[in-house]
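Below is one structure; the comments refer to it alone.
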Amino acid sequence: MEFVKTKTILSKVKYGNEWYGIDYNMNLYKGCPHRCIYCDSRSNCYRIDNFDVVRGKENALYILECELSKKREKGVVGIGAMSDTYNSLEKEYEQTRGALKLLAKYGFGVSIDTKSDLILRDIDLLKEINSKNNVIIKFTITTPHDKLAKIIEPNVCVSSKRLEAIKTLSDNGIFVGIMMNPVLPFITDSEEDIKELVRLAHEYGAKFIHTYMG
Ligand code: SF4
């Protein structure tokens, strides 16, 4: 994996607490390999070249520990706004797992946006963080149909796997729900499919289902 230089990892979120339930934000990777057809992080306005190629951030965990140790306010740290932190390289590099260890060590909470069931690997750390602060897991699921998920989100596990991950997290006392975003016109917006996803959310123990319907 290629690494890019960075001076900071953690950034304070000004209005995040009311809207997203987070106080800080961080992205441990640059780029995302999931190749969702609707991904707006690829937009030119973010100026990320080769967005589909994941790059790590050099000394990310060292920088993060320095930042966490100096913070007086033990808030909730959001991960995954601009890329899925559980990408295919995380299995080997464990940047996210390392960051969760640090959040647990310094008493911070965490909010993770993901589509990957790789998050289950870190359930031990999520439970540890949950015992001291808040944990919010937001699984994006856009369709109840695995075949369609494979087309619109080709490089990540299908919807049924994400639902199973939700069930496991929920059974372990983790606050977890579904982000039904985006709702794609003529592709995922039938009343039948939306109702089915809401039903599945309930069946698999999701504590919320949220959408912008935009
Ligand atoms: S998981 Fe998110 S960041 Fe990654 S390709 Fe899909 S929409 Fe983009």
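All residue names refer to the structure tokens as shown: chains lettered A, B, ... in order, residues numbered from 1 in each chain, ligands numbered from 1 in order.
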Pull the helix (DSSP H, G or I) assignments for stretch 71-108 of chain A out of DSSP run on the backbone, and list those residues as a PyMOL selection string.
-> chain A and resi 90-93+95-106
Contacts between ligand 1 and chain A, please, where a residue of chain A counts if it comes within 8 Å (with only C-alpha atoms and all ligand atoms); show its shortest atom pair and distance in Å to one decimal, rows by chain and ascending number, as a tab-separated table.
residue	atom	partner	partner_atom_place_in_ligand_line	distance
A:Gly31	CA	ligand 1	3 (S)	7.2
A:Cys32	CA	ligand 1	4 (Fe)	4.6
A:Pro33	CA	ligand 1	5 (S)	6.0
A:His34	CA	ligand 1	5 (S)	4.5
A:Arg35	CA	ligand 1	5 (S)	4.3
A:Cys36	CA	ligand 1	6 (Fe)	4.2
A:Ile37	CA	ligand 1	5 (S)	7.5
A:Tyr38	CA	ligand 1	7 (S)	6.4
A:Cys39	CA	ligand 1	7 (S)	4.0
A:Asp40	CA	ligand 1	8 (Fe)	6.4
A:Ser41	CA	ligand 1	8 (Fe)	5.6
A:Arg42	CA	ligand 1	8 (Fe)	7.1
A:Asp52	CA	ligand 1	5 (S)	7.2
A:Gly80	CA	ligand 1	3 (S)	7.6
A:Ala81	CA	ligand 1	3 (S)	7.4
A:Met82	CA	ligand 1	3 (S)	5.3
A:Ser83	CA	ligand 1	3 (S)	3.8
A:Asp84	CA	ligand 1	1 (S)	4.9
A:Thr114	CA	ligand 1	1 (S)	6.7
A:Lys115	CA	ligand 1	1 (S)	6.3
A:Glu153	CA	ligand 1	6 (Fe)	6.6
A:Val156	CA	ligand 1	1 (S)	7.9
With N, CA and C atoms kept, could you save the residues just selected as a PDB file, in the first residue's frame?
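Dumped to again.pdb:
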ATOM      1  N   GLY A  31      -9.057   7.490  -0.236  1.00  0.00           N
ATOM      2  CA  GLY A  31      -9.571   6.639  -1.305  1.00  0.00           C
ATOM      3  C   GLY A  31     -10.352   5.462  -0.756  1.00  0.00           C
ATOM      4  N   CYS A  32     -11.142   4.830  -1.623  1.00  0.00           N
ATOM      5  CA  CYS A  32     -11.975   3.696  -1.204  1.00  0.00           C
ATOM      6  C   CYS A  32     -12.146   2.758  -2.401  1.00  0.00           C
ATOM      7  N   PRO A  33     -11.986   1.442  -2.181  1.00  0.00           N
ATOM      8  CA  PRO A  33     -12.018   0.502  -3.304  1.00  0.00           C
ATOM      9  C   PRO A  33     -13.397  -0.110  -3.576  1.00  0.00           C
ATOM     10  N   HIS A  34     -14.421   0.281  -2.859  1.00  0.00           N
ATOM     11  CA  HIS A  34     -15.714  -0.402  -2.985  1.00  0.00           C
ATOM     12  C   HIS A  34     -16.419  -0.122  -4.318  1.00  0.00           C
ATOM     13  N   ARG A  35     -16.093   0.974  -4.943  1.00  0.00           N
ATOM     14  CA  ARG A  35     -16.605   1.313  -6.290  1.00  0.00           C
ATOM     15  C   ARG A  35     -18.126   1.405  -6.383  1.00  0.00           C
ATOM     16  N   CYS A  36     -18.756   1.953  -5.371  1.00  0.00           N
ATOM     17  CA  CYS A  36     -20.213   2.162  -5.444  1.00  0.00           C
ATOM     18  C   CYS A  36     -20.504   3.105  -6.614  1.00  0.00           C
ATOM     19  N   ILE A  37     -21.543   2.787  -7.378  1.00  0.00           N
ATOM     20  CA  ILE A  37     -21.764   3.551  -8.613  1.00  0.00           C
ATOM     21  C   ILE A  37     -22.202   4.983  -8.330  1.00  0.00           C
ATOM     22  N   TYR A  38     -22.686   5.236  -7.131  1.00  0.00           N
ATOM     23  CA  TYR A  38     -23.222   6.562  -6.800  1.00  0.00           C
ATOM     24  C   TYR A  38     -22.266   7.388  -5.950  1.00  0.00           C
ATOM     25  N   CYS A  39     -21.042   6.910  -5.721  1.00  0.00           N
ATOM     26  CA  CYS A  39     -20.139   7.532  -4.749  1.00  0.00           C
ATOM     27  C   CYS A  39     -19.850   8.995  -5.080  1.00  0.00           C
ATOM     28  N   ASP A  40     -20.167   9.896  -4.184  1.00  0.00           N
ATOM     29  CA  ASP A  40     -19.885  11.306  -4.467  1.00  0.00           C
ATOM     30  C   ASP A  40     -18.515  11.743  -3.940  1.00  0.00           C
ATOM     31  N   SER A  41     -17.825  10.858  -3.199  1.00  0.00           N
ATOM     32  CA  SER A  41     -16.466  11.213  -2.759  1.00  0.00           C
ATOM     33  C   SER A  41     -15.513  11.299  -3.950  1.00  0.00           C
ATOM     34  N   ARG A  42     -15.927  10.718  -5.090  1.00  0.00           N
ATOM     35  CA  ARG A  42     -15.107  10.812  -6.311  1.00  0.00           C
ATOM     36  C   ARG A  42     -15.243  12.171  -6.997  1.00  0.00           C
ATOM     37  N   ASP A  52     -10.333   5.334  -6.357  1.00  0.00           N
ATOM     38  CA  ASP A  52     -10.556   3.899  -6.142  1.00  0.00           C
ATOM     39  C   ASP A  52      -9.324   3.174  -5.574  1.00  0.00           C
ATOM     40  N   GLY A  80     -15.069   7.397   8.668  1.00  0.00           N
ATOM     41  CA  GLY A  80     -15.701   6.856   7.466  1.00  0.00           C
ATOM     42  C   GLY A  80     -16.524   7.838   6.655  1.00  0.00           C
ATOM     43  N   ALA A  81     -16.294   9.149   6.872  1.00  0.00           N
ATOM     44  CA  ALA A  81     -17.082  10.124   6.112  1.00  0.00           C
ATOM     45  C   ALA A  81     -16.708  10.141   4.634  1.00  0.00           C
ATOM     46  N   MET A  82     -15.425   9.991   4.346  1.00  0.00           N
ATOM     47  CA  MET A  82     -14.967  10.123   2.952  1.00  0.00           C
ATOM     48  C   MET A  82     -14.484   8.816   2.341  1.00  0.00           C
ATOM     49  N   SER A  83     -14.394   7.769   3.123  1.00  0.00           N
ATOM     50  CA  SER A  83     -13.995   6.455   2.597  1.00  0.00           C
ATOM     51  C   SER A  83     -14.371   5.417   3.646  1.00  0.00           C
ATOM     52  N   ASP A  84     -14.616   4.179   3.193  1.00  0.00           N
ATOM     53  CA  ASP A  84     -14.952   3.126   4.150  1.00  0.00           C
ATOM     54  C   ASP A  84     -13.662   2.660   4.817  1.00  0.00           C
ATOM     55  N   THR A 114     -19.974   2.317   7.650  1.00  0.00           N
ATOM     56  CA  THR A 114     -19.327   1.261   6.865  1.00  0.00           C
ATOM     57  C   THR A 114     -20.343   0.459   6.057  1.00  0.00           C
ATOM     58  N   LYS A 115     -19.812  -0.308   5.104  1.00  0.00           N
ATOM     59  CA  LYS A 115     -20.627  -1.292   4.385  1.00  0.00           C
ATOM     60  C   LYS A 115     -20.017  -2.675   4.555  1.00  0.00           C
ATOM     61  N   GLU A 153     -22.832  -1.792  -5.671  1.00  0.00           N
ATOM     62  CA  GLU A 153     -21.732  -1.675  -4.688  1.00  0.00           C
ATOM     63  C   GLU A 153     -20.832  -2.902  -4.870  1.00  0.00           C
ATOM     64  N   VAL A 156     -17.838  -4.745  -2.183  1.00  0.00           N
ATOM     65  CA  VAL A 156     -18.012  -4.912  -0.737  1.00  0.00           C
ATOM     66  C   VAL A 156     -19.085  -5.982  -0.530  1.00  0.00           C
TER      67      VAL A 156
END
All residues 8 Å or closer to A:Tyr212, only C-alpha atoms, same chain fewer than 5 positions away omitted, as a PyMOL selection string = chain A and resi 180-182
Residues just named, written with N, CA and C atoms as a PDB file, in the first residue's frame:
ATOM      1  N   MET A 180     -30.010   4.265   4.871  1.00  0.00           N
ATOM      2  CA  MET A 180     -30.565   3.865   3.568  1.00  0.00           C
ATOM      3  C   MET A 180     -30.316   5.010   2.574  1.00  0.00           C
ATOM      4  N   ASN A 181     -29.045   5.221   2.297  1.00  0.00           N
ATOM      5  CA  ASN A 181     -28.633   6.320   1.423  1.00  0.00           C
ATOM      6  C   ASN A 181     -27.629   5.843   0.392  1.00  0.00           C
ATOM      7  N   PRO A 182     -27.748   6.270  -0.843  1.00  0.00           N
ATOM      8  CA  PRO A 182     -28.848   7.053  -1.384  1.00  0.00           C
ATOM      9  C   PRO A 182     -30.014   6.144  -1.793  1.00  0.00           C
TER      10      PRO A 182
END
Where does DSSP see strand (DSSP E) in stretch 2-214 of chain A, if you list the residues as a ChimeraX atom specification?
-> /A:2-4,11-12,24-26,29-30,55-57,76-79,109-114,135-140,175-179,209-210
Just give me the gap between atom CA of A:Met26 and atom CA of A:Val176 in Å, one decimal is fine.
-> 19.5 Å
If you count only C-alpha atoms, which residues fall within 12 Å of A:Arg72, apart from same-chain ones fewer than 5 positions away, as a list of chain:residue names?
-> A:Glu67, A:Tyr106, A:Gly107, A:Phe108
Selection to disk with N, CA and C atoms, as a PDB file, in the first residue's frame:
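Writing done, so here's selection.pdb:
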ATOM      1  N   GLU A  67      -2.500  13.408  19.344  1.00  0.00           N
ATOM      2  CA  GLU A  67      -3.669  14.294  19.365  1.00  0.00           C
ATOM      3  C   GLU A  67      -4.645  13.909  20.484  1.00  0.00           C
ATOM      4  N   TYR A 106      -7.820   6.024  25.549  1.00  0.00           N
ATOM      5  CA  TYR A 106      -7.990   7.413  26.004  1.00  0.00           C
ATOM      6  C   TYR A 106      -9.447   7.769  26.339  1.00  0.00           C
ATOM      7  N   GLY A 107     -10.350   6.778  26.295  1.00  0.00           N
ATOM      8  CA  GLY A 107     -11.722   7.009  26.751  1.00  0.00           C
ATOM      9  C   GLY A 107     -12.629   7.749  25.785  1.00  0.00           C
ATOM     10  N   PHE A 108     -12.314   7.707  24.495  1.00  0.00           N
ATOM     11  CA  PHE A 108     -13.168   8.358  23.499  1.00  0.00           C
ATOM     12  C   PHE A 108     -14.245   7.394  22.989  1.00  0.00           C
TER      13      PHE A 108
END
Of A:Glu90, A:Asp23, A:Asp124, A:Asp146, the one sitting nearest A:Gly75 when using only C-alpha atoms is A:Asp23
Write out as an mmCIF file with N, CA and C atoms, in the first residue's frame which residues come within 12 Å of A:Lys74 when counting only C-alpha atoms, dropping same-chain ones fewer than 5 positions away.
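The result, written out as result-v5.cif:
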data_model
loop_
_atom_site.group_PDB
_atom_site.id
_atom_site.type_symbol
_atom_site.label_atom_id
_atom_site.label_comp_id
_atom_site.auth_asym_id
_atom_site.auth_seq_id
_atom_site.Cartn_x
_atom_site.Cartn_y
_atom_site.Cartn_z
ATOM 1 N N LYS A 12 -11.775 18.703 14.668
ATOM 2 C CA LYS A 12 -12.947 19.024 15.489
ATOM 3 C C LYS A 12 -14.113 19.297 14.540
ATOM 4 N N ILE A 22 -21.320 13.333 16.461
ATOM 5 C CA ILE A 22 -19.865 13.213 16.648
ATOM 6 C C ILE A 22 -19.261 14.568 17.043
ATOM 7 N N ASP A 23 -18.121 14.476 17.734
ATOM 8 C CA ASP A 23 -17.407 15.692 18.146
ATOM 9 C C ASP A 23 -16.142 15.893 17.317
ATOM 10 N N TYR A 24 -15.573 14.785 16.860
ATOM 11 C CA TYR A 24 -14.360 14.831 16.033
ATOM 12 C C TYR A 24 -14.573 13.937 14.823
ATOM 13 N N GLU A 67 -2.500 13.408 19.344
ATOM 14 C CA GLU A 67 -3.669 14.294 19.365
ATOM 15 C C GLU A 67 -4.645 13.909 20.484
ATOM 16 N N LEU A 68 -4.915 12.628 20.606
ATOM 17 C CA LEU A 68 -5.874 12.181 21.629
ATOM 18 C C LEU A 68 -5.378 12.501 23.040
ATOM 19 N N SER A 69 -4.087 12.322 23.261
ATOM 20 C CA SER A 69 -3.548 12.522 24.607
ATOM 21 C C SER A 69 -3.635 13.987 25.041
ATOM 22 N N LEU A 103 -8.581 4.830 20.888
ATOM 23 C CA LEU A 103 -9.815 5.457 21.382
ATOM 24 C C LEU A 103 -10.219 4.814 22.716
ATOM 25 N N ALA A 104 -10.067 3.483 22.787
ATOM 26 C CA ALA A 104 -10.387 2.783 24.041
ATOM 27 C C ALA A 104 -9.437 3.227 25.151
ATOM 28 N N LYS A 105 -8.165 3.309 24.830
ATOM 29 C CA LYS A 105 -7.147 3.685 25.823
ATOM 30 C C LYS A 105 -7.410 5.079 26.407
ATOM 31 N N TYR A 106 -7.820 6.024 25.549
ATOM 32 C CA TYR A 106 -7.990 7.413 26.004
ATOM 33 C C TYR A 106 -9.447 7.769 26.339
ATOM 34 N N GLY A 107 -10.350 6.778 26.295
ATOM 35 C CA GLY A 107 -11.722 7.009 26.751
ATOM 36 C C GLY A 107 -12.629 7.749 25.785
ATOM 37 N N PHE A 108 -12.314 7.707 24.495
ATOM 38 C CA PHE A 108 -13.168 8.358 23.499
ATOM 39 C C PHE A 108 -14.245 7.394 22.989
ATOM 40 N N GLY A 109 -15.346 7.962 22.476
ATOM 41 C CA GLY A 109 -16.374 7.164 21.817
ATOM 42 C C GLY A 109 -16.096 7.093 20.321
ATOM 43 N N VAL A 110 -16.899 6.310 19.609
ATOM 44 C CA VAL A 110 -16.667 6.191 18.164
ATOM 45 C C VAL A 110 -17.982 6.035 17.399
ATOM 46 N N ILE A 129 -14.914 0.069 24.154
ATOM 47 C CA ILE A 129 -15.217 1.511 24.028
ATOM 48 C C ILE A 129 -16.620 1.781 24.563
ATOM 49 N N LYS A 132 -17.217 2.540 28.181
ATOM 50 C CA LYS A 132 -16.751 3.817 28.765
ATOM 51 C C LYS A 132 -17.379 5.036 28.105
ATOM 52 N N ASN A 133 -17.807 4.891 26.847
ATOM 53 C CA ASN A 133 -18.296 6.048 26.093
ATOM 54 C C ASN A 133 -19.334 5.543 25.077
ATOM 55 N N ASN A 134 -19.665 6.337 24.073
ATOM 56 C CA ASN A 134 -20.700 5.925 23.114
ATOM 57 C C ASN A 134 -20.114 5.252 21.873
#
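The nearest approach to A:Ile136 among the residues A:Ser190, A:Asn155, A:Thr8, A:Ser111, with only C-alpha atoms taken into account, belongs to A:Ser111.
Taking atom CA of A:Ile178 and atom CA of A:Tyr204 as endpoints, the distance between them is 10.5 Å.
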Which residue of A:Ile63, A:Leu184, A:Leu28, A:Ile209 approaches A:Glu94 most closely, using only C-alpha atoms |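 Of A:Ile63, A:Leu184, A:Leu28, A:Ile209, the one nearest A:Glu94 is A:Leu28, counting only C-alpha atoms.
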Compile the contact shell of A:Ile141 as a PyMOL selection string: residues with an atom at most 12 Å away, counting only C-alpha atoms, same-chain residues fewer than 4 positions apart removed.
-> chain A and resi 36+113-116+145-146+148-150+152-153+156-166+177-184+188+193-194+196-198+200-201+206+209-211
Those same residues - N, CA and C atoms - I'd like them written as a compact mmCIF listing (two decimals), in the first residue's frame.
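So selection_32.txt came out as:
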# COMPACT_ATOMS: atom_id res chain seq x y z
N CYS A 36 -18.76 1.95 -5.37
CA CYS A 36 -20.21 2.16 -5.44
C CYS A 36 -20.50 3.10 -6.61
N ASP A 113 -19.14 4.71 9.96
CA ASP A 113 -19.97 4.47 8.77
C ASP A 113 -19.28 3.39 7.95
N THR A 114 -19.97 2.32 7.65
CA THR A 114 -19.33 1.26 6.86
C THR A 114 -20.34 0.46 6.06
N LYS A 115 -19.81 -0.31 5.10
CA LYS A 115 -20.63 -1.29 4.39
C LYS A 115 -20.02 -2.68 4.55
N SER A 116 -18.97 -2.80 5.34
CA SER A 116 -18.20 -4.04 5.38
C SER A 116 -18.38 -4.81 6.68
N HIS A 145 -31.91 -6.55 -1.94
CA HIS A 145 -31.56 -7.60 -2.91
C HIS A 145 -30.04 -7.71 -3.09
N ASP A 146 -29.50 -8.89 -2.78
CA ASP A 146 -28.05 -9.09 -2.91
C ASP A 146 -27.56 -8.92 -4.34
N LEU A 148 -28.69 -7.02 -6.72
CA LEU A 148 -28.62 -5.60 -7.06
C LEU A 148 -27.47 -4.92 -6.31
N ALA A 149 -27.29 -5.30 -5.03
CA ALA A 149 -26.19 -4.73 -4.24
C ALA A 149 -24.86 -5.01 -4.93
N LYS A 150 -24.72 -6.21 -5.50
CA LYS A 150 -23.46 -6.60 -6.16
C LYS A 150 -23.20 -5.72 -7.39
N ILE A 152 -24.49 -2.41 -7.77
CA ILE A 152 -24.31 -0.99 -7.45
C ILE A 152 -23.19 -0.74 -6.42
N GLU A 153 -22.83 -1.79 -5.67
CA GLU A 153 -21.73 -1.67 -4.69
C GLU A 153 -20.83 -2.90 -4.87
N VAL A 156 -17.84 -4.74 -2.18
CA VAL A 156 -18.01 -4.91 -0.74
C VAL A 156 -19.09 -5.98 -0.53
N CYS A 157 -19.19 -6.49 0.70
CA CYS A 157 -20.12 -7.61 0.93
C CYS A 157 -21.57 -7.19 0.64
N VAL A 158 -22.39 -8.16 0.30
CA VAL A 158 -23.78 -7.89 -0.11
C VAL A 158 -24.67 -7.57 1.11
N SER A 159 -25.89 -7.09 0.82
CA SER A 159 -26.79 -6.62 1.88
C SER A 159 -27.05 -7.67 2.97
N SER A 160 -27.22 -8.95 2.57
CA SER A 160 -27.54 -9.97 3.58
C SER A 160 -26.40 -10.14 4.59
N LYS A 161 -25.17 -10.01 4.10
CA LYS A 161 -24.01 -10.10 5.01
C LYS A 161 -23.99 -8.91 5.96
N ARG A 162 -24.34 -7.74 5.44
CA ARG A 162 -24.36 -6.54 6.30
C ARG A 162 -25.44 -6.69 7.37
N LEU A 163 -26.59 -7.28 6.98
CA LEU A 163 -27.66 -7.48 7.96
C LEU A 163 -27.22 -8.46 9.05
N GLU A 164 -26.49 -9.50 8.65
CA GLU A 164 -25.99 -10.46 9.65
C GLU A 164 -25.02 -9.77 10.62
N ALA A 165 -24.20 -8.87 10.05
CA ALA A 165 -23.26 -8.13 10.90
C ALA A 165 -24.02 -7.24 11.88
N ILE A 166 -25.08 -6.62 11.40
CA ILE A 166 -25.92 -5.79 12.28
C ILE A 166 -26.47 -6.62 13.43
N GLY A 177 -27.41 0.77 13.39
CA GLY A 177 -28.58 0.98 12.54
C GLY A 177 -28.21 1.06 11.07
N ILE A 178 -29.21 1.42 10.27
CA ILE A 178 -29.03 1.41 8.81
C ILE A 178 -29.15 2.82 8.25
N MET A 179 -28.19 3.18 7.40
CA MET A 179 -28.29 4.38 6.59
C MET A 179 -28.79 3.92 5.21
N MET A 180 -30.01 4.27 4.87
CA MET A 180 -30.56 3.86 3.57
C MET A 180 -30.32 5.01 2.57
N ASN A 181 -29.05 5.22 2.30
CA ASN A 181 -28.63 6.32 1.42
C ASN A 181 -27.63 5.84 0.39
N PRO A 182 -27.75 6.27 -0.84
CA PRO A 182 -28.85 7.05 -1.38
C PRO A 182 -30.01 6.14 -1.79
N VAL A 183 -31.18 6.75 -2.01
CA VAL A 183 -32.29 6.03 -2.63
C VAL A 183 -32.23 6.39 -4.12
N LEU A 184 -31.94 5.40 -4.95
CA LEU A 184 -31.68 5.67 -6.37
C LEU A 184 -32.98 5.60 -7.19
N THR A 188 -33.65 1.70 -6.71
CA THR A 188 -33.89 1.18 -5.34
C THR A 188 -35.06 1.89 -4.65
N ASP A 193 -39.59 -2.41 -2.00
CA ASP A 193 -38.21 -2.61 -1.54
C ASP A 193 -37.91 -1.81 -0.28
N ILE A 194 -38.42 -0.60 -0.24
CA ILE A 194 -38.15 0.24 0.94
C ILE A 194 -38.83 -0.37 2.17
N GLU A 196 -39.52 -3.50 2.59
CA GLU A 196 -38.80 -4.73 2.91
C GLU A 196 -37.53 -4.43 3.71
N LEU A 197 -36.84 -3.37 3.33
CA LEU A 197 -35.62 -3.00 4.05
C LEU A 197 -35.94 -2.57 5.49
N VAL A 198 -37.03 -1.86 5.66
CA VAL A 198 -37.44 -1.46 7.01
C VAL A 198 -37.79 -2.71 7.83
N LEU A 200 -36.59 -5.75 7.38
CA LEU A 200 -35.33 -6.46 7.68
C LEU A 200 -34.55 -5.75 8.78
N ALA A 201 -34.58 -4.44 8.76
CA ALA A 201 -33.87 -3.66 9.80
C ALA A 201 -34.40 -4.08 11.17
N ALA A 206 -31.61 -3.77 14.05
CA ALA A 206 -31.15 -2.38 13.85
C ALA A 206 -31.96 -1.46 14.75
N ILE A 209 -33.26 3.37 11.27
CA ILE A 209 -33.04 3.36 9.82
C ILE A 209 -33.24 4.80 9.37
N HIS A 210 -32.25 5.31 8.66
CA HIS A 210 -32.25 6.73 8.35
C HIS A 210 -32.04 6.94 6.84
N THR A 211 -32.77 7.88 6.29
CA THR A 211 -32.55 8.20 4.88
C THR A 211 -32.80 9.66 4.64
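The smallest atom-to-atom distance between A:Thr140 and any of A:Ile112, A:Leu118, A:Cys66, A:Leu126, using only C-alpha atoms, is found for A:Ile112.
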Grab the atom CA of A:Pro144 to atom CA of A:Gly21 distance for me, in Å with one decimal place.
-> 26.4 Å
Exercise: A:Tyr93 partners within 12 Å, only C-alpha atoms, chain neighbours under 2 positions left out, as a PDB file with C-alpha atoms, in the first residue's frame:
ATOM      1  CA  MET A   1       0.000   0.000   0.000  1.00  0.00           C
ATOM      2  CA  GLU A   2       1.147   3.506  -0.787  1.00  0.00           C
ATOM      3  CA  PHE A   3       1.257   6.010   2.098  1.00  0.00           C
ATOM      4  CA  LEU A  28      -7.417   6.853   8.312  1.00  0.00           C
ATOM      5  CA  TYR A  29      -7.257   6.091   4.596  1.00  0.00           C
ATOM      6  CA  VAL A  54      -6.573   3.131  -1.229  1.00  0.00           C
ATOM      7  CA  ARG A  55      -3.629   4.907   0.344  1.00  0.00           C
ATOM      8  CA  GLY A  56      -2.695   4.870   4.006  1.00  0.00           C
ATOM      9  CA  LYS A  57      -1.659   7.894   6.019  1.00  0.00           C
ATOM     10  CA  GLU A  58       1.942   7.850   7.150  1.00  0.00           C
ATOM     11  CA  ALA A  60      -1.369   7.801  11.355  1.00  0.00           C
ATOM     12  CA  LEU A  61      -1.491   6.017  14.708  1.00  0.00           C
ATOM     13  CA  THR A  85     -12.360   2.531   6.857  1.00  0.00           C
ATOM     14  CA  TYR A  86     -12.996  -1.247   6.517  1.00  0.00           C
ATOM     15  CA  ASN A  87     -11.521  -1.507   3.034  1.00  0.00           C
ATOM     16  CA  SER A  88      -9.744  -4.574   1.634  1.00  0.00           C
ATOM     17  CA  LEU A  89      -6.323  -3.408   2.915  1.00  0.00           C
ATOM     18  CA  GLU A  90      -7.465  -2.935   6.506  1.00  0.00           C
ATOM     19  CA  LYS A  91      -7.292  -6.721   6.995  1.00  0.00           C
ATOM     20  CA  GLN A  95      -4.974   1.029  10.898  1.00  0.00           C
ATOM     21  CA  THR A  96      -8.604   1.110  12.012  1.00  0.00           C
ATOM     22  CA  ARG A  97      -8.055  -1.563  14.649  1.00  0.00           C
ATOM     23  CA  GLY A  98      -5.032   0.373  15.912  1.00  0.00           C
ATOM     24  CA  ALA A  99      -7.085   3.582  16.067  1.00  0.00           C
TER      25      ALA A  99
END
Between A:Ile187, A:Met213, A:Ile119, A:Ile151, single out the one closest to A:Thr168, counting only C-alpha atoms.
->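 Comparing A:Ile187, A:Met213, A:Ile119, A:Ile151 against A:Thr168, the winner is A:Ile119.
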